[in-house]
Amino acid sequence: MTNRLSTTIFSILLIVFGFNYASACTIVMVSDQNNAIAGSNEDSYIVLTKIWFEPGNKGEYSRVCLGYDFNENSLQGGMNEMGLFIDGNALGPKGWKSDPKKMNFDEKLFDAILATCTTLEDVKRFFNKYNIRALNNARFPVMDKSGASMVVEWHNGEVTFLESEKNYQVATNFIGSDYINKEKPCWRYSNAIQVLEKNNKANIENVKNALMSARQDNEHAKTVYSFICDLKKGEIYVYNWHDFENPIEFVLNEEIAN
């Protein structure tokens, strides 16, 4: 197969699956004085998924990565050794435009952030320094070890860092800045929020329950995997094919050492 044909087929796949992405993926972030827990449902029809661990070479931070097993740019979310978490919600085109005052960034976005950033402030500086084309079609929930969280999104012609006054934040596939103090247009968001309004303690069980309430298994999308990160302990719990009763547990530093 020629490179041109391979690229064309891959582009077609992105277009086709893009419609599924636009109605999929739920991210939940909850914190208190002692805990910072973040989790994600990856909703798709692509079943070739994987988890891998990147050692922190040449000044980079070690990181756990989750995504798809079809190309090297398939990272969908993860956590680094400093307790920084990032994931994404796909969107339809949002009219993103580059800023001539910024440098263009054309590398692997999630991997670069996990390799170089430790706090929300680091991530803000990253997005304020570079033109990130991916903001045209996605928003990015981020949480750090302190428990602070935000969602990076394109709103009213600029990069916006959406934060919350509550100790929890839920992100699905709509621009949150468009719906402040308004009814949210997503049943998955509403379900997860209802769970956290009843019990907003920052622990694995509550985040798992919120993700369970938003899981999908229908003709439009399926939750192919979920994962939850304890950002202070560096622990990762992976649930394959929305099986929340049988987690696979990892400790980032132990996996890197191995």
# chains A, B, ... in the order shown; residues from 1 in each chain; ligands from 1
>>> residues_around(residues="Thr160 in chain A", least_positions_apart="5", cutoff="9 Å", atoms="only C-alpha atoms", output="ChimeraX atom specification")
/A:151-155,177
>>> residues_around(residues="Met103 in chain A", least_positions_apart="5", cutoff="12 Å", atoms="only C-alpha atoms", output="list in words")
Ser98, Phe126, Phe127, Asn128, Lys129, Tyr130, Asn131, Ile132 and Arg133 of chain A
>>> write_last_selection(atoms="N, CA and C atoms", output="short mmCIF file (atom, residue, chain, number, x, y, z; two decimals), in the first residue's frame")
data_model
loop_
_atom_site.label_atom_id
_atom_site.label_comp_id
_atom_site.auth_asym_id
_atom_site.auth_seq_id
_atom_site.Cartn_x
_atom_site.Cartn_y
_atom_site.Cartn_z
N SER A 98 -5.70 30.86 14.06
CA SER A 98 -4.37 31.00 14.64
C SER A 98 -4.11 32.46 15.03
N PHE A 126 1.31 26.86 28.18
CA PHE A 126 1.49 26.11 26.94
C PHE A 126 0.49 26.58 25.88
N PHE A 127 -0.79 26.67 26.26
CA PHE A 127 -1.82 27.08 25.30
C PHE A 127 -1.72 28.57 24.96
N ASN A 128 -1.18 29.37 25.85
CA ASN A 128 -0.99 30.79 25.55
C ASN A 128 0.25 31.04 24.70
N LYS A 129 1.13 30.06 24.65
CA LYS A 129 2.37 30.20 23.86
C LYS A 129 2.18 29.71 22.43
N TYR A 130 1.37 28.65 22.26
CA TYR A 130 1.26 27.99 20.96
C TYR A 130 -0.13 28.10 20.35
N ASN A 131 -0.16 28.11 19.03
CA ASN A 131 -1.40 27.90 18.29
C ASN A 131 -1.71 26.41 18.27
N ILE A 132 -2.82 26.00 18.90
CA ILE A 132 -3.20 24.60 18.99
C ILE A 132 -4.41 24.37 18.08
N ARG A 133 -4.16 23.87 16.89
CA ARG A 133 -5.21 23.68 15.90
C ARG A 133 -6.31 22.73 16.39
#
>>> residues_around(residues="Ala202 in chain A", least_positions_apart="6", cutoff="9 Å", atoms="only C-alpha atoms", output="PyMOL selection string")
chain A and resi 29-32+34-37+167-168
>>> residues_around(residues="Val224 in chain A", least_positions_apart="6", cutoff="7 Å", atoms="only C-alpha atoms", output="mmCIF file with N, CA and C atoms, in the first residue's frame")
data_model
loop_
_atom_site.group_PDB
_atom_site.id
_atom_site.type_symbol
_atom_site.label_atom_id
_atom_site.label_comp_id
_atom_site.auth_asym_id
_atom_site.auth_seq_id
_atom_site.Cartn_x
_atom_site.Cartn_y
_atom_site.Cartn_z
ATOM 1 N N GLU A 42 -13.973 6.422 27.460
ATOM 2 C CA GLU A 42 -13.641 6.554 26.040
ATOM 3 C C GLU A 42 -14.724 5.834 25.251
ATOM 4 N N ASP A 43 -15.533 6.605 24.535
ATOM 5 C CA ASP A 43 -16.676 6.070 23.803
ATOM 6 C C ASP A 43 -16.395 6.072 22.307
ATOM 7 N N SER A 44 -16.522 4.907 21.677
ATOM 8 C CA SER A 44 -16.150 4.792 20.270
ATOM 9 C C SER A 44 -16.631 3.453 19.726
ATOM 10 N N VAL A 47 -12.327 -0.671 18.600
ATOM 11 C CA VAL A 47 -12.113 -1.565 19.737
ATOM 12 C C VAL A 47 -10.640 -1.896 19.959
ATOM 13 N N ASN A 240 -12.037 -2.272 31.199
ATOM 14 C CA ASN A 240 -12.185 -2.580 29.779
ATOM 15 C C ASN A 240 -13.643 -2.846 29.420
ATOM 16 N N TRP A 241 -14.085 -2.240 28.321
ATOM 17 C CA TRP A 241 -15.430 -2.478 27.766
ATOM 18 C C TRP A 241 -16.511 -2.257 28.830
ATOM 19 N N HIS A 242 -16.443 -1.111 29.500
ATOM 20 C CA HIS A 242 -17.344 -0.676 30.573
ATOM 21 C C HIS A 242 -17.654 -1.763 31.603
#
>>> select_by_dssp(residues="range 14-252 of chain A", states="alpha helix (DSSP H)", output="PyMOL selection string")
chain A and resi 14-21+109-116+120-129+187-198+204-213+252
>>> closest_residue(among="A:Ser146, A:Thr118, A:Glu197, A:Leu66", to="Glu54 in chain A", atoms="only C-alpha atoms")
A:Leu66
>>> closest_residue(among="A:Phe110, A:Ala171, A:Asp122, A:Glu235", to="Cys186 in chain A", atoms="only C-alpha atoms")
A:Ala171
>>> closest_residue(among="A:Leu75, A:Lys58, A:Asn156, A:Asn173", to="Gly95 in chain A", atoms="only C-alpha atoms")
A:Asn156
>>> select_by_dssp(residues="range 36-144 of chain A", states="strand (DSSP E or B)", output="MDAnalysis selection string")
chainID A and resid 36:44 49:54 63:68 75:80 85:86 89:90 103:104 130:131 138:143
>>> write_last_selection(atoms="C-alpha atoms", output="PDB file, in the first residue's frame")
ATOM      1  CA  ALA A  36      -7.325  14.490  43.448  1.00  0.00           C
ATOM      2  CA  ILE A  37      -9.164  11.931  41.317  1.00  0.00           C
ATOM      3  CA  ALA A  38      -9.814  12.129  37.565  1.00  0.00           C
ATOM      4  CA  GLY A  39     -11.455   9.631  35.232  1.00  0.00           C
ATOM      5  CA  SER A  40     -12.663   9.187  31.675  1.00  0.00           C
ATOM      6  CA  ASN A  41     -15.007   7.097  29.551  1.00  0.00           C
ATOM      7  CA  GLU A  42     -13.641   6.554  26.040  1.00  0.00           C
ATOM      8  CA  ASP A  43     -16.676   6.070  23.803  1.00  0.00           C
ATOM      9  CA  SER A  44     -16.150   4.792  20.270  1.00  0.00           C
ATOM     10  CA  THR A  49      -7.290   0.069  22.352  1.00  0.00           C
ATOM     11  CA  LYS A  50      -4.130  -0.026  24.434  1.00  0.00           C
ATOM     12  CA  ILE A  51      -2.308   1.332  27.471  1.00  0.00           C
ATOM     13  CA  TRP A  52       1.404   2.096  27.424  1.00  0.00           C
ATOM     14  CA  PHE A  53       4.038   3.708  29.625  1.00  0.00           C
ATOM     15  CA  GLU A  54       6.583   6.286  28.505  1.00  0.00           C
ATOM     16  CA  ARG A  63       3.645   9.091  31.827  1.00  0.00           C
ATOM     17  CA  VAL A  64       0.905   6.547  31.353  1.00  0.00           C
ATOM     18  CA  CYS A  65      -0.941   6.821  28.051  1.00  0.00           C
ATOM     19  CA  LEU A  66      -4.232   5.347  26.862  1.00  0.00           C
ATOM     20  CA  GLY A  67      -5.618   5.342  23.362  1.00  0.00           C
ATOM     21  CA  TYR A  68      -5.983   3.344  20.180  1.00  0.00           C
ATOM     22  CA  LEU A  75      -3.091   8.964  22.572  1.00  0.00           C
ATOM     23  CA  GLN A  76      -6.479   9.947  23.992  1.00  0.00           C
ATOM     24  CA  GLY A  77      -5.627  10.671  27.626  1.00  0.00           C
ATOM     25  CA  GLY A  78      -3.291   9.942  30.497  1.00  0.00           C
ATOM     26  CA  MET A  79      -1.350  11.057  33.567  1.00  0.00           C
ATOM     27  CA  ASN A  80       2.273  11.886  34.258  1.00  0.00           C
ATOM     28  CA  PHE A  85      -4.064  14.455  34.016  1.00  0.00           C
ATOM     29  CA  ILE A  86      -5.375  15.374  30.564  1.00  0.00           C
ATOM     30  CA  ASN A  89     -13.841  15.801  24.274  1.00  0.00           C
ATOM     31  CA  ALA A  90     -14.359  15.820  20.518  1.00  0.00           C
ATOM     32  CA  MET A 103       4.145  29.879  17.577  1.00  0.00           C
ATOM     33  CA  ASN A 104       2.461  27.035  15.736  1.00  0.00           C
ATOM     34  CA  TYR A 130       1.263  27.993  20.962  1.00  0.00           C
ATOM     35  CA  ASN A 131      -1.405  27.904  18.293  1.00  0.00           C
ATOM     36  CA  ALA A 138     -11.934  19.378  20.745  1.00  0.00           C
ATOM     37  CA  ARG A 139     -11.784  20.650  24.317  1.00  0.00           C
ATOM     38  CA  PHE A 140      -9.337  19.429  26.938  1.00  0.00           C
ATOM     39  CA  PRO A 141     -10.123  18.686  30.608  1.00  0.00           C
ATOM     40  CA  VAL A 142      -7.016  19.002  32.793  1.00  0.00           C
ATOM     41  CA  MET A 143      -6.389  18.342  36.495  1.00  0.00           C
TER      42      MET A 143
END
>>> residues_around(residues="Gly234 in chain A", least_positions_apart="5", cutoff="8 Å", atoms="only C-alpha atoms", output="PyMOL selection string")
chain A and resi 81+83+229+251-253
>>> atom_distance(atom1="CA of Cys25 in chain A", atom2="CA of Asn200 in chain A")
20.7 Å
>>> atom_distance(atom1="CA of Glu205 in chain A", atom2="CA of Ala148 in chain A")
19.5 Å
>>> closest_residue(among="A:Lys108, A:His220, A:Lys166, A:Lys145", to="Lys201 in chain A", atoms="only C-alpha atoms")
A:Lys166
>>> atom_distance(atom1="CA of Pro185 in chain A", atom2="CA of Asp230 in chain A")
28.9 Å
>>> closest_residue(among="A:Lys182, A:Phe244, A:Arg188, A:Asp111", to="Ile204 in chain A", atoms="only C-alpha atoms")
A:Phe244
>>> residues_around(residues="range 213-215 of chain A", least_positions_apart="3", cutoff="8 Å", atoms="only C-alpha atoms", output="list in words")
Thr26, Asn41, Asp43, Trp187, Arg188, Tyr189, Asn191, Ala192, Val195, Asn209, Ala210, Lys222, Thr223 and His242 of chain A
>>> write_last_selection(atoms="C-alpha atoms", output="PDB file, in the first residue's frame")
ATOM      1  CA  THR A  26     -17.143  11.751  29.527  1.00  0.00           C
ATOM      2  CA  ASN A  41     -15.007   7.097  29.551  1.00  0.00           C
ATOM      3  CA  ASP A  43     -16.676   6.070  23.803  1.00  0.00           C
ATOM      4  CA  TRP A 187     -27.614  13.424  29.209  1.00  0.00           C
ATOM      5  CA  ARG A 188     -24.197  12.013  30.111  1.00  0.00           C
ATOM      6  CA  TYR A 189     -23.184  15.296  31.719  1.00  0.00           C
ATOM      7  CA  ASN A 191     -26.186  11.884  34.872  1.00  0.00           C
ATOM      8  CA  ALA A 192     -22.624  12.344  36.122  1.00  0.00           C
ATOM      9  CA  VAL A 195     -24.152  11.352  41.019  1.00  0.00           C
ATOM     10  CA  ASN A 209     -20.139   5.728  39.821  1.00  0.00           C
ATOM     11  CA  ALA A 210     -20.249   8.964  37.838  1.00  0.00           C
ATOM     12  CA  LYS A 222     -19.907   2.229  23.096  1.00  0.00           C
ATOM     13  CA  THR A 223     -17.676   2.782  26.104  1.00  0.00           C
ATOM     14  CA  HIS A 242     -17.344  -0.676  30.573  1.00  0.00           C
TER      15      HIS A 242
END
>>> closest_residue(among="A:Asp87, A:Glu183, A:Glu60, A:Asp69", to="Ile27 in chain A", atoms="only C-alpha atoms")
A:Asp87
